[in-house]
Amino acid sequence: MRVLVTGAYGLIGSACLARLYRDGHEVTGAGRDVRLARRRAPFAKWINADFRRLTLAGDWLPLLEGFDAVVNCVGVLQDGMHDDVQRIQVAATTAPFAACERAGIKRLVHISAIGASRSAPTAFARSKAEAEDNLSRRQLDWVILRPGLVLAPTVYGGTAMLRGVSALPFVTPVLEPDARIQVVGVDDVAAAVAHSLTPDARTRVKWDVAHPEVLTLASIVGGIRDWLGFRKRPIWRVPRGFGRLVSSVADVLGYLGWRSPARSTAVRQLAAGVIGAPAPWIAATGIEPRSLGEILAQQPSSVADRWFARLFLFKPAAIVGLALFWIATGIITMGPGAAVALGHLKTAGVPPKIAGPLVLAGALFDYFIGLGLLLRPVARIVLHIMLWVTVLYLIAGSVLAPHLWIDPLGPYLKIVPVLIATLFTLAIIDER
């Protein structure tokens, strides 16, 4: 069967793509930017499909030509720089539904979420419900799968946050530790998708996909910490007021392009609980989902998992720290540090007519490059600029003013840790 998987390099989409390929299907992945995906999953064909722009059935018809089935794994948590929940999860999600109907593609599997409801507390869950209602009216052999909290060896978003929180020393901070949650392994979600594409699969059904056991968020975090091999630590119930403050900051960062799992939508979804009724799905398909313990036991943690967990919350600190360093450098150079900077240039033999504009230009550059690091779409480019500017600064300084290497204040020596921090941040900047 020729299958198109949308959102195919995401957490669920990539697992579905690999499972369907192993089952012998001819798979094609679709997403906003598939350059990296082509290298990571060369077994699949890839097409660019930006849901932000493909909001009409006519936009999708050329892309659907030749396919027998579609698996839609696209979803966004909250509005942000590149994300519009209503546009992506309703307009752009229902457009391929209508296109499949017009193109004669009968089988369509849609990944929704447990808790999707028109009366849900978040736009994420309400938009998921709106798309479900639209699909249920279509003349298609549709299957709607509503996973619980998806756990996977490769983590992203909320599951990455769980690992990061689990790795903190002293105490383990958990917001809404009593939240009731059902988990599901990503392989079980992929198995549900694969089953939905079999000829005898029941269609025009909506399944909650999760293990029946209801856990608390605190017990999930504790289980992950045990799996990572860290010592047990007491759970600290994060005050809701502090949690709202963190979420507000995370929401602002979302409009700078950073898709933080601490945004308000995630918090409200957790507070509402992630509880479904998976018994009908289990009975109808024969798939026996794994429990939390079985999911974790399937793949013992490695040093890479422990590194990731420890570095997850360090990453934003490193980015903010570097940004503030460069911003502060620019402000200081334009203010109280101007005379010192001019003195260094004079010692290096730079003419006064050039030194003044050079100091101002350097200060403005530092200030704006620091601000640029806070913008996710250009963060990697900015880090490269920081890296090479720092190297050139040390080289030029060593030629023009080598005596500063033995200056008691260490203006050159202090740059070396910044250079290392830049390299380190560049190494961990990836989100997927």
# chains A, B, ... in the order shown; residues from 1 in each chain; ligands from 1

$ residues_around --residues "region 164-181 of chain A" --least-positions-apart "2" --cutoff "8 Å" --atoms "only C-alpha atoms" --output "JSON, numbers by chain"
{"A": [148, 149, 160, 161, 162, 183, 214, 215, 216, 217, 218, 221, 222, 224, 225, 228, 230, 233, 234, 235, 236, 237, 238, 239, 240, 243, 267, 270, 271, 272, 273, 274, 275, 306, 308, 309, 310, 311, 312, 313]}

$ select_by_dssp --residues "region 47-294 of chain A" --states "helix (DSSP H, G or I)" --output "ChimeraX atom specification"
/A:57-64,85-103,123-136,158-166,186-196,217-228,240-254,264-272,279-285,292-294

$ select_by_dssp --residues "region 27-62 of chain A" --states "strand (DSSP E or B)" --output "MDAnalysis selection string"
chainID A and resid 27:31 45:48

$ atom_distance --atom1 "CA of Pro261 (chain A)" --atom2 "CA of Asp50 (chain A)"
22.1 Å

$ residues_around --residues "region 188-191 of chain A" --least-positions-apart "2" --cutoff "9 Å" --atoms "only C-alpha atoms" --output "ChimeraX atom specification"
/A:12-13,15-20,145,147,150,184-186,193-196,209-210,287-290

$ atom_distance --atom1 "CA of Asp305 (chain A)" --atom2 "CA of Arg163 (chain A)"
8.6 Å
